[in-house]
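Visitor: Following this line is target-v1.pdb, made up of PDB, C-alpha atoms:
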MODEL        1
ATOM      1  CA  MET A   1       1.326 -59.610  87.975
ATOM      2  CA  GLU A   2       0.298 -61.950  90.796
ATOM      3  CA  ILE A   3      -2.215 -64.622  89.784
ATOM      4  CA  ASP A   4      -4.328 -66.503  92.293
ATOM      5  CA  PHE A   5      -4.785 -70.211  91.561
ATOM      6  CA  LYS A   6      -6.517 -71.159  94.827
ATOM      7  CA  ASN A   7      -9.971 -71.759  93.268
ATOM      8  CA  ILE A   8      -8.748 -74.196  90.606
ATOM      9  CA  LYS A   9     -10.677 -77.470  90.467
ATOM     10  CA  VAL A  10      -9.844 -78.793  86.997
ATOM     11  CA  ILE A  11      -6.577 -78.573  85.065
ATOM     12  CA  GLY A  12      -6.531 -79.111  81.318
ATOM     13  CA  PHE A  13      -3.311 -80.163  79.642
ATOM     14  CA  ASP A  14      -2.552 -79.748  75.988
ATOM     15  CA  ALA A  15      -0.972 -82.900  74.548
ATOM     16  CA  ASP A  16       1.354 -82.235  71.609
ATOM     17  CA  ASP A  17       4.557 -80.400  72.581
ATOM     18  CA  THR A  18       3.288 -79.968  76.142
ATOM     19  CA  LEU A  19       3.370 -83.591  77.279
ATOM     20  CA  TRP A  20       5.252 -85.164  74.384
ATOM     21  CA  VAL A  21       7.223 -84.277  71.246
ATOM     22  CA  ASN A  22       5.128 -83.579  68.150
ATOM     23  CA  GLU A  23       5.990 -80.491  66.094
ATOM     24  CA  THR A  24       9.533 -81.750  65.530
ATOM     25  CA  TYR A  25       8.092 -84.617  63.478
ATOM     26  CA  PHE A  26       6.144 -82.188  61.285
ATOM     27  CA  ARG A  27       9.311 -80.201  60.554
ATOM     28  CA  GLU A  28      11.094 -83.421  59.572
ATOM     29  CA  ALA A  29       8.161 -84.419  57.344
ATOM     30  CA  GLU A  30       8.191 -81.028  55.606
ATOM     31  CA  LYS A  31      11.867 -81.524  54.730
ATOM     32  CA  GLU A  32      11.120 -84.977  53.305
ATOM     33  CA  PHE A  33       8.235 -83.545  51.301
ATOM     34  CA  ALA A  34      10.464 -80.780  49.898
ATOM     35  CA  LYS A  35      12.996 -83.401  48.771
ATOM     36  CA  LEU A  36      10.292 -85.375  46.981
ATOM     37  CA  LEU A  37       9.224 -82.288  45.023
ATOM     38  CA  SER A  38      12.686 -80.754  44.557
ATOM     39  CA  LYS A  39      12.523 -81.050  40.762
ATOM     40  CA  TYR A  40       9.460 -78.800  40.644
ATOM     41  CA  GLU A  41      10.253 -75.975  43.089
ATOM     42  CA  THR A  42      12.703 -74.635  45.686
ATOM     43  CA  PRO A  43      12.388 -75.869  49.311
ATOM     44  CA  ASN A  44      11.267 -72.405  50.447
ATOM     45  CA  LYS A  45       8.517 -72.191  47.814
ATOM     46  CA  ILE A  46       7.357 -75.740  48.622
ATOM     47  CA  ASP A  47       7.161 -74.873  52.339
ATOM     48  CA  GLN A  48       5.191 -71.706  51.614
ATOM     49  CA  GLU A  49       2.708 -73.442  49.342
ATOM     50  CA  LEU A  50       2.211 -76.352  51.735
ATOM     51  CA  PHE A  51       1.551 -73.966  54.626
ATOM     52  CA  LYS A  52      -0.996 -72.012  52.568
ATOM     53  CA  LYS A  53      -2.690 -75.267  51.629
ATOM     54  CA  GLU A  54      -2.830 -76.423  55.275
ATOM     55  CA  ILE A  55      -4.388 -73.148  56.435
ATOM     56  CA  GLY A  56      -6.892 -73.192  53.581
ATOM     57  CA  ASN A  57      -7.871 -76.753  54.435
ATOM     58  CA  LEU A  58      -8.315 -76.229  58.187
ATOM     59  CA  PRO A  59     -12.088 -75.592  57.979
ATOM     60  CA  LEU A  60     -12.508 -78.786  55.948
ATOM     61  CA  TYR A  61      -9.934 -81.224  57.344
ATOM     62  CA  GLY A  62      -9.146 -79.800  60.775
ATOM     63  CA  TYR A  63      -5.836 -80.537  62.489
ATOM     64  CA  GLY A  64      -3.567 -83.553  62.736
ATOM     65  CA  VAL A  65      -1.412 -85.864  60.634
ATOM     66  CA  LYS A  66      -4.176 -87.039  58.297
ATOM     67  CA  ALA A  67      -5.101 -83.452  57.424
ATOM     68  CA  PHE A  68      -1.400 -82.721  56.897
ATOM     69  CA  VAL A  69      -1.029 -85.670  54.500
ATOM     70  CA  LEU A  70      -4.039 -84.582  52.441
ATOM     71  CA  SER A  71      -2.568 -81.086  52.183
ATOM     72  CA  MET A  72       0.775 -82.542  51.054
ATOM     73  CA  VAL A  73      -0.941 -84.576  48.337
ATOM     74  CA  GLU A  74      -2.905 -81.561  47.094
ATOM     75  CA  SER A  75       0.225 -79.386  47.158
ATOM     76  CA  ALA A  76       2.194 -82.011  45.240
ATOM     77  CA  LEU A  77      -0.450 -82.108  42.514
ATOM     78  CA  GLU A  78      -0.556 -78.324  42.197
ATOM     79  CA  LEU A  79       3.208 -77.714  42.392
ATOM     80  CA  SER A  80       3.826 -80.354  39.721
ATOM     81  CA  ASN A  81       0.923 -79.207  37.547
ATOM     82  CA  HIS A  82      -0.525 -82.686  38.105
ATOM     83  CA  GLY A  83       2.642 -84.303  36.785
ATOM     84  CA  VAL A  84       3.673 -85.916  40.073
ATOM     85  CA  SER A  85       4.104 -89.693  39.868
ATOM     86  CA  THR A  86       2.052 -92.276  41.731
ATOM     87  CA  LYS A  87       5.337 -93.374  43.322
ATOM     88  CA  THR A  88       5.757 -89.906  44.830
ATOM     89  CA  ILE A  89       2.157 -89.891  46.082
ATOM     90  CA  GLU A  90       2.849 -93.248  47.721
ATOM     91  CA  ALA A  91       5.985 -91.777  49.328
ATOM     92  CA  ILE A  92       3.897 -88.890  50.715
ATOM     93  CA  LEU A  93       1.405 -91.340  52.200
ATOM     94  CA  ASN A  94       4.314 -93.209  53.782
ATOM     95  CA  ILE A  95       5.552 -89.982  55.382
ATOM     96  CA  GLY A  96       2.168 -89.755  57.103
ATOM     97  CA  LYS A  97       2.208 -93.390  58.192
ATOM     98  CA  ASP A  98       5.686 -92.944  59.634
ATOM     99  CA  MET A  99       4.467 -89.932  61.611
ATOM    100  CA  LEU A 100       1.515 -91.882  62.998
ATOM    101  CA  ASN A 101       3.846 -94.676  64.062
ATOM    102  CA  LYS A 102       6.371 -92.443  65.831
ATOM    103  CA  PRO A 103       7.162 -93.358  69.443
ATOM    104  CA  VAL A 104       5.693 -91.095  72.108
ATOM    105  CA  ASP A 105       8.645 -89.221  73.574
ATOM    106  CA  LEU A 106       7.557 -87.653  76.875
ATOM    107  CA  LEU A 107       8.979 -84.274  77.799
ATOM    108  CA  GLU A 108      11.008 -83.968  80.974
ATOM    109  CA  GLY A 109       9.125 -84.293  84.260
ATOM    110  CA  VAL A 110       5.701 -84.867  82.700
ATOM    111  CA  GLU A 111       4.741 -88.003  84.596
ATOM    112  CA  MET A 112       5.944 -86.616  87.932
ATOM    113  CA  VAL A 113       3.847 -83.462  87.426
ATOM    114  CA  LEU A 114       0.700 -85.395  86.476
ATOM    115  CA  LYS A 115       1.134 -87.889  89.298
ATOM    116  CA  THR A 116       1.494 -85.088  91.838
ATOM    117  CA  LEU A 117      -1.334 -82.874  90.577
ATOM    118  CA  SER A 118      -3.801 -85.736  90.057
ATOM    119  CA  LYS A 119      -3.907 -86.234  93.831
ATOM    120  CA  LYS A 120      -5.423 -82.778  94.306
ATOM    121  CA  TYR A 121      -7.077 -81.797  91.013
ATOM    122  CA  ARG A 122      -9.200 -83.352  88.294
ATOM    123  CA  LEU A 123      -6.993 -83.517  85.219
ATOM    124  CA  ILE A 124      -8.205 -83.648  81.623
ATOM    125  CA  LEU A 125      -6.397 -83.840  78.316
ATOM    126  CA  ALA A 126      -7.661 -81.020  76.082
ATOM    127  CA  THR A 127      -6.188 -81.250  72.608
ATOM    128  CA  LYS A 128      -7.053 -80.720  68.976
ATOM    129  CA  GLY A 129      -6.322 -83.020  66.083
ATOM    130  CA  ASP A 130      -7.400 -86.464  64.993
ATOM    131  CA  LEU A 131      -9.244 -88.429  67.697
ATOM    132  CA  LEU A 132      -7.796 -91.832  66.784
ATOM    133  CA  ASP A 133      -4.234 -90.493  66.659
ATOM    134  CA  GLN A 134      -4.534 -88.653  69.978
ATOM    135  CA  GLU A 135      -6.047 -91.690  71.683
ATOM    136  CA  ARG A 136      -3.241 -93.826  70.271
ATOM    137  CA  LYS A 137      -0.575 -91.435  71.539
ATOM    138  CA  LEU A 138      -2.157 -91.233  74.977
ATOM    139  CA  GLU A 139      -2.211 -95.029  75.193
ATOM    140  CA  LYS A 140       1.443 -95.228  74.108
ATOM    141  CA  SER A 141       2.410 -92.532  76.619
ATOM    142  CA  GLY A 142       1.373 -94.558  79.653
ATOM    143  CA  LEU A 143      -0.290 -91.436  81.116
ATOM    144  CA  ASN A 144      -3.914 -92.518  80.674
ATOM    145  CA  ASP A 145      -4.602 -93.189  84.346
ATOM    146  CA  TYR A 146      -3.808 -89.615  85.380
ATOM    147  CA  PHE A 147      -6.626 -88.113  83.313
ATOM    148  CA  HIS A 148     -10.302 -87.989  84.145
ATOM    149  CA  HIS A 149     -11.030 -87.931  80.419
ATOM    150  CA  ILE A 150      -9.779 -86.757  77.042
ATOM    151  CA  GLU A 151     -11.327 -83.873  75.085
ATOM    152  CA  VAL A 152     -10.399 -83.663  71.397
ATOM    153  CA  LEU A 153     -11.595 -80.245  70.273
ATOM    154  CA  SER A 154     -12.205 -79.271  66.661
ATOM    155  CA  ASP A 155     -10.466 -75.997  67.485
ATOM    156  CA  LYS A 156      -9.255 -74.130  70.546
ATOM    157  CA  LYS A 157     -11.116 -70.850  70.507
ATOM    158  CA  GLU A 158     -13.197 -69.108  73.160
ATOM    159  CA  ALA A 159     -16.398 -70.855  72.077
ATOM    160  CA  ASN A 160     -14.769 -74.295  72.218
ATOM    161  CA  TYR A 161     -13.478 -73.719  75.731
ATOM    162  CA  SER A 162     -16.752 -72.220  76.952
ATOM    163  CA  LYS A 163     -18.554 -75.339  75.741
ATOM    164  CA  LEU A 164     -15.965 -77.517  77.496
ATOM    165  CA  LEU A 165     -16.390 -75.679  80.814
ATOM    166  CA  LYS A 166     -20.148 -76.016  80.558
ATOM    167  CA  HIS A 167     -19.690 -79.756  80.033
ATOM    168  CA  LEU A 168     -17.371 -79.905  83.057
ATOM    169  CA  GLU A 169     -19.937 -77.927  85.084
ATOM    170  CA  ILE A 170     -17.367 -75.505  86.469
ATOM    171  CA  LYS A 171     -16.864 -71.741  86.410
ATOM    172  CA  PRO A 172     -14.091 -70.283  84.253
ATOM    173  CA  SER A 173     -12.286 -69.180  87.438
ATOM    174  CA  GLU A 174     -12.088 -72.855  88.487
ATOM    175  CA  PHE A 175     -10.295 -73.994  85.326
ATOM    176  CA  LEU A 176      -6.612 -73.844  84.451
ATOM    177  CA  MET A 177      -5.205 -74.700  81.024
ATOM    178  CA  VAL A 178      -1.553 -75.649  80.531
ATOM    179  CA  GLY A 179       0.032 -75.684  77.081
ATOM    180  CA  ASN A 180       2.789 -74.603  74.738
ATOM    181  CA  SER A 181       0.693 -72.446  72.385
ATOM    182  CA  LEU A 182      -0.270 -68.906  73.342
ATOM    183  CA  LYS A 183      -2.821 -68.817  70.531
ATOM    184  CA  SER A 184      -4.538 -72.106  71.406
ATOM    185  CA  ASP A 185      -3.812 -72.863  75.063
ATOM    186  CA  VAL A 186      -3.505 -69.479  76.746
ATOM    187  CA  LEU A 187      -5.130 -66.386  75.227
ATOM    188  CA  PRO A 188      -8.611 -67.889  74.595
ATOM    189  CA  LEU A 189      -8.779 -68.955  78.254
ATOM    190  CA  ILE A 190      -7.803 -65.536  79.553
ATOM    191  CA  ASN A 191     -10.449 -64.012  77.297
ATOM    192  CA  ILE A 192     -13.230 -66.072  78.931
ATOM    193  CA  GLY A 193     -12.056 -65.490  82.504
ATOM    194  CA  ALA A 194     -10.198 -68.773  83.073
ATOM    195  CA  HIS A 195      -6.528 -69.292  83.957
ATOM    196  CA  ALA A 196      -3.648 -70.406  81.768
ATOM    197  CA  ILE A 197       0.009 -71.346  82.049
ATOM    198  CA  HIS A 198       2.323 -71.158  79.062
ATOM    199  CA  VAL A 199       5.171 -73.680  78.790
ATOM    200  CA  PRO A 200       6.968 -72.892  75.512
ATOM    201  CA  PHE A 201       8.315 -75.632  73.231
ATOM    202  CA  HIS A 202      11.401 -74.950  71.117
ATOM    203  CA  THR A 203       9.450 -75.285  67.847
ATOM    204  CA  THR A 204       6.114 -73.610  67.136
ATOM    205  CA  TRP A 205       3.992 -74.011  64.002
ATOM    206  CA  ALA A 206       3.666 -70.678  62.191
ATOM    207  CA  HIS A 207      -0.132 -70.835  62.517
ATOM    208  CA  GLU A 208       0.192 -70.844  66.334
ATOM    209  CA  GLN A 209       2.375 -67.740  66.597
ATOM    210  CA  VAL A 210       0.937 -64.487  67.979
ATOM    211  CA  THR A 211       1.954 -60.830  67.899
ATOM    212  CA  GLU A 212       3.167 -58.770  70.854
ATOM    213  CA  ASP A 213      -0.058 -56.739  70.696
ATOM    214  CA  GLU A 214      -2.126 -59.898  71.162
ATOM    215  CA  LYS A 215      -0.134 -60.779  74.302
ATOM    216  CA  ASN A 216      -0.131 -57.330  75.909
ATOM    217  CA  GLY A 217      -2.139 -56.972  79.105
ATOM    218  CA  LYS A 218      -3.013 -60.676  79.364
ATOM    219  CA  ALA A 219      -2.611 -62.216  82.831
ATOM    220  CA  TYR A 220      -0.923 -65.588  82.463
ATOM    221  CA  LYS A 221       2.201 -67.319  83.703
ATOM    222  CA  THR A 222       5.067 -68.451  81.480
ATOM    223  CA  LEU A 223       7.262 -71.226  82.864
ATOM    224  CA  ASN A 224      10.639 -72.484  81.706
ATOM    225  CA  ALA A 225       9.659 -76.090  82.348
ATOM    226  CA  LEU A 226       6.488 -78.012  83.139
ATOM    227  CA  THR A 227       7.917 -79.085  86.499
ATOM    228  CA  ASP A 228       7.866 -75.435  87.641
ATOM    229  CA  ILE A 229       4.077 -75.694  87.858
ATOM    230  CA  LEU A 230       4.443 -77.616  91.120
ATOM    231  CA  ASN A 231       5.840 -74.484  92.794
ATOM    232  CA  LEU A 232       2.651 -72.629  91.867
ATOM    233  CA  LEU A 233       0.014 -75.255  92.641
ATOM    234  CA  ASN A 234       1.409 -77.468  95.384
TER     235      ASN A 234
ENDMDL
END
As structure tokens, how would this structure be written, given the file I've shared?
Guide:
Amino acid sequence: MEIDFKNIKVIGFDADDTLWVNETYFREAEKEFAKLLSKYETPNKIDQELFKKEIGNLPLYGYGVKAFVLSMVESALELSNHGVSTKTIEAILNIGKDMLNKPVDLLEGVEMVLKTLSKKYRLILATKGDLLDQERKLEKSGLNDYFHHIEVLSDKKEANYSKLLKHLEIKPSEFLMVGNSLKSDVLPLINIGAHAIHVPFHTTWAHEQVTEDEKNGKAYKTLNALTDILNLLN
């Protein structure tokens, strides 16, 4: 299906796992968490219970490392029947601090793509998660100057994007979103008449996965690498 990008004025980029590595650190943290609680449950059971806790806490805590840490603490208390030691709770908090202090590892070609596209389009960073953490990562990345501004959304659903486009004072047909998550960065945009480009990352959080039925009939591009976007837009 041929997609026309000629009316695009603003391009939104997802941050985590689109511009820099993120989900890999969560997988590593989950393994560390499972080790800490290994005397109470199997790694598989610990993973399942932590995921359920994260999803249940989304309306209250939202997304990001801090929300993840709170869910780990709650899961540790429940899995241990409140027998977990203060030393283990401290170790869980340290997992979170280590995640927040991770270096920002840019994905291949990111700066070249932003540098090229910023000459022709207004670029924004449209992400979800903790504001302080995302601002910190953007500062560490050295990419700040390429973006008109940063939008940290509480969620990435149709209503969130519609509100963003109203704020940007553009039509849906003038907006393009680029990201690694079909659920968050692609399908909601298509549903409101905007454009989207999917650049998969090798690891996807279970909550972000979609079914084949959800993808069917949706007009979006999937690229092997972010650099391929230059062939479409330049």
Visitor: Residues near Val65 in chain A, anyone? I mean within 12 Å using only C-alpha atoms, not counting same-chain ones fewer than 2 positions away, as JSON, numbers by chain.
Guide: {"A": [16, 22, 23, 25, 26, 29, 30, 54, 61, 62, 63, 67, 68, 69, 70, 71, 72, 92, 93, 94, 95, 96, 97, 98, 99, 100, 101, 102, 128, 129, 130, 131, 132, 133, 134]}
Visitor: Quick one: everything within 8 Å of range 160-176 of chain A, counting only C-alpha atoms, minus sequence neighbours fewer than 5 positions away in the same chain. Send it as a PyMOL selection string.
Guide: chain A and resi 7-12+153-155+188-189+192-197
Visitor: Mind checking which residues fall within 12 Å of Ser118 in chain A, counting all atoms listed in the file, ignoring those fewer than 3 positions away in the same chain, and posting them as a tab-separated table (two decimals) with C-alpha atoms, in the coordinates of the input?
Guide:
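Produced file part_26.tsv, reproduced below:
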chain	number	residue	atom	x	y	z
A	9	LYS	CA	-10.68	-77.47	90.47
A	10	VAL	CA	-9.84	-78.79	87.00
A	11	ILE	CA	-6.58	-78.57	85.06
A	12	GLY	CA	-6.53	-79.11	81.32
A	13	PHE	CA	-3.31	-80.16	79.64
A	111	GLU	CA	4.74	-88.00	84.60
A	112	MET	CA	5.94	-86.62	87.93
A	113	VAL	CA	3.85	-83.46	87.43
A	114	LEU	CA	0.70	-85.40	86.48
A	115	LYS	CA	1.13	-87.89	89.30
A	121	TYR	CA	-7.08	-81.80	91.01
A	122	ARG	CA	-9.20	-83.35	88.29
A	123	LEU	CA	-6.99	-83.52	85.22
A	124	ILE	CA	-8.20	-83.65	81.62
A	143	LEU	CA	-0.29	-91.44	81.12
A	144	ASN	CA	-3.91	-92.52	80.67
A	145	ASP	CA	-4.60	-93.19	84.35
A	146	TYR	CA	-3.81	-89.62	85.38
A	147	PHE	CA	-6.63	-88.11	83.31
A	148	HIS	CA	-10.30	-87.99	84.14
A	230	LEU	CA	4.44	-77.62	91.12
A	233	LEU	CA	0.01	-75.26	92.64
A	234	ASN	CA	1.41	-77.47	95.38
Visitor: If I wrap all listed atoms of range 5-11 of chain A in a box with edges along x, y and z and add 5 Å on each side, what are its centre and edge lengths in Å to one decimal, as JSON?
Guide:
{"center_x": -7.7, "center_y": -74.5, "center_z": 89.9, "size_x": 15.9, "size_y": 18.6, "size_z": 19.8}
Visitor: Rounded to one decimal in Å, what is the spacing between CA of Ser184 in chain A and CA of Asp17 in chain A?
Guide: 12.4 Å
Visitor: Select, from A:Ile46, A:Thr127, A:Glu108, A:Glu151, the residue with the minimum atom-to-atom distance to Ser181 in chain A, counting only C-alpha atoms.
Guide: A:Thr127
Visitor: Using the chain letters and residue numbers of this document, give as a ChimeraX atom specification the residues selected by the PyMOL selection byres ((chain A and resi 19) around 7).
Guide: /A:15-18,20,106-107,110
Visitor: Include C-alpha atoms and write out the residues we just selected as a compact mmCIF listing (two decimals), in the coordinates of the input.
Guide:
# COMPACT_ATOMS: atom_id res chain seq x y z
CA ALA A 15 -0.97 -82.90 74.55
CA ASP A 16 1.35 -82.24 71.61
CA ASP A 17 4.56 -80.40 72.58
CA THR A 18 3.29 -79.97 76.14
CA TRP A 20 5.25 -85.16 74.38
CA LEU A 106 7.56 -87.65 76.88
CA LEU A 107 8.98 -84.27 77.80
CA VAL A 110 5.70 -84.87 82.70
Visitor: Can you work out which one of A:Val186, A:Leu37, A:Leu58, A:Val104 has the shortest atom-to-atom distance to Asn81 in chain A, counting only C-alpha atoms?
Guide: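 Among the listed residues, the smallest separation from Asn81 in chain A belongs to A:Leu37.
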Visitor: Give me the residues near Asn224 in chain A as a PyMOL selection string, where near means some atom within 8 Å (using all atoms listed in the file) and where sequence neighbours in that chain fewer than 4 positions away do not count.
Guide: chain A and resi 199-200+228
Visitor: So the first atom is CA of Gly83 in chain A and the second is CA of Lys53 in chain A; what is the distance between them in Å, to one decimal place?
Guide: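 Separation of CA of Gly83 in chain A and CA of Lys53 in chain A: 18.2 Å.
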Visitor: Kindly indicate which residue among A:Ala76, A:Ala219, A:Lys66, A:Asp14 lies nearest to Lys39 in chain A, using only C-alpha atoms for the distances.
Guide: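 Among A:Ala76, A:Ala219, A:Lys66, A:Asp14, it is A:Ala76 that comes nearest to Lys39 in chain A.
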Visitor: What is the distance, in Å and to one decimal place, between CA of Lys87 in chain A and CA of Ile55 in chain A?
Guide: 26.0 Å
Visitor: May I have the protein, DNA and RNA residues with any atom at most 12 Å from the point (0.0, -64.7, 88.6), counting all atoms listed in the file, written as an MDAnalysis selection string?
Guide: chainID A and resid 1:6 190 195:198 218:223 229 232:233
Visitor: For C-alpha atoms, I'd like the residues from the last selection saved as a compact mmCIF listing (two decimals), keeping the file's coordinate frame.
Guide:
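Heads up, here's the output in again-v6.txt:
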# COMPACT_ATOMS: atom_id res chain seq x y z
CA MET A 1 1.33 -59.61 87.98
CA GLU A 2 0.30 -61.95 90.80
CA ILE A 3 -2.22 -64.62 89.78
CA ASP A 4 -4.33 -66.50 92.29
CA PHE A 5 -4.78 -70.21 91.56
CA LYS A 6 -6.52 -71.16 94.83
CA ILE A 190 -7.80 -65.54 79.55
CA HIS A 195 -6.53 -69.29 83.96
CA ALA A 196 -3.65 -70.41 81.77
CA ILE A 197 0.01 -71.35 82.05
CA HIS A 198 2.32 -71.16 79.06
CA LYS A 218 -3.01 -60.68 79.36
CA ALA A 219 -2.61 -62.22 82.83
CA TYR A 220 -0.92 -65.59 82.46
CA LYS A 221 2.20 -67.32 83.70
CA THR A 222 5.07 -68.45 81.48
CA LEU A 223 7.26 -71.23 82.86
CA ILE A 229 4.08 -75.69 87.86
CA LEU A 232 2.65 -72.63 91.87
CA LEU A 233 0.01 -75.26 92.64
Visitor: When you count all atoms listed in the file, which of these residues is closest to Lys52 in chain A: A:Asp185, A:Glu74, A:Glu139, A:Glu28?
Guide: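 For Lys52 in chain A, the nearest of the given residues is A:Glu74.
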Visitor: Select, from A:Ala34, A:Gly142, A:Glu135, A:Pro59, the residue with the minimum atom-to-atom distance to Ala91 in chain A, counting all atoms listed in the file.
Guide: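 The shortest atom-to-atom distance to Ala91 in chain A comes from A:Ala34.
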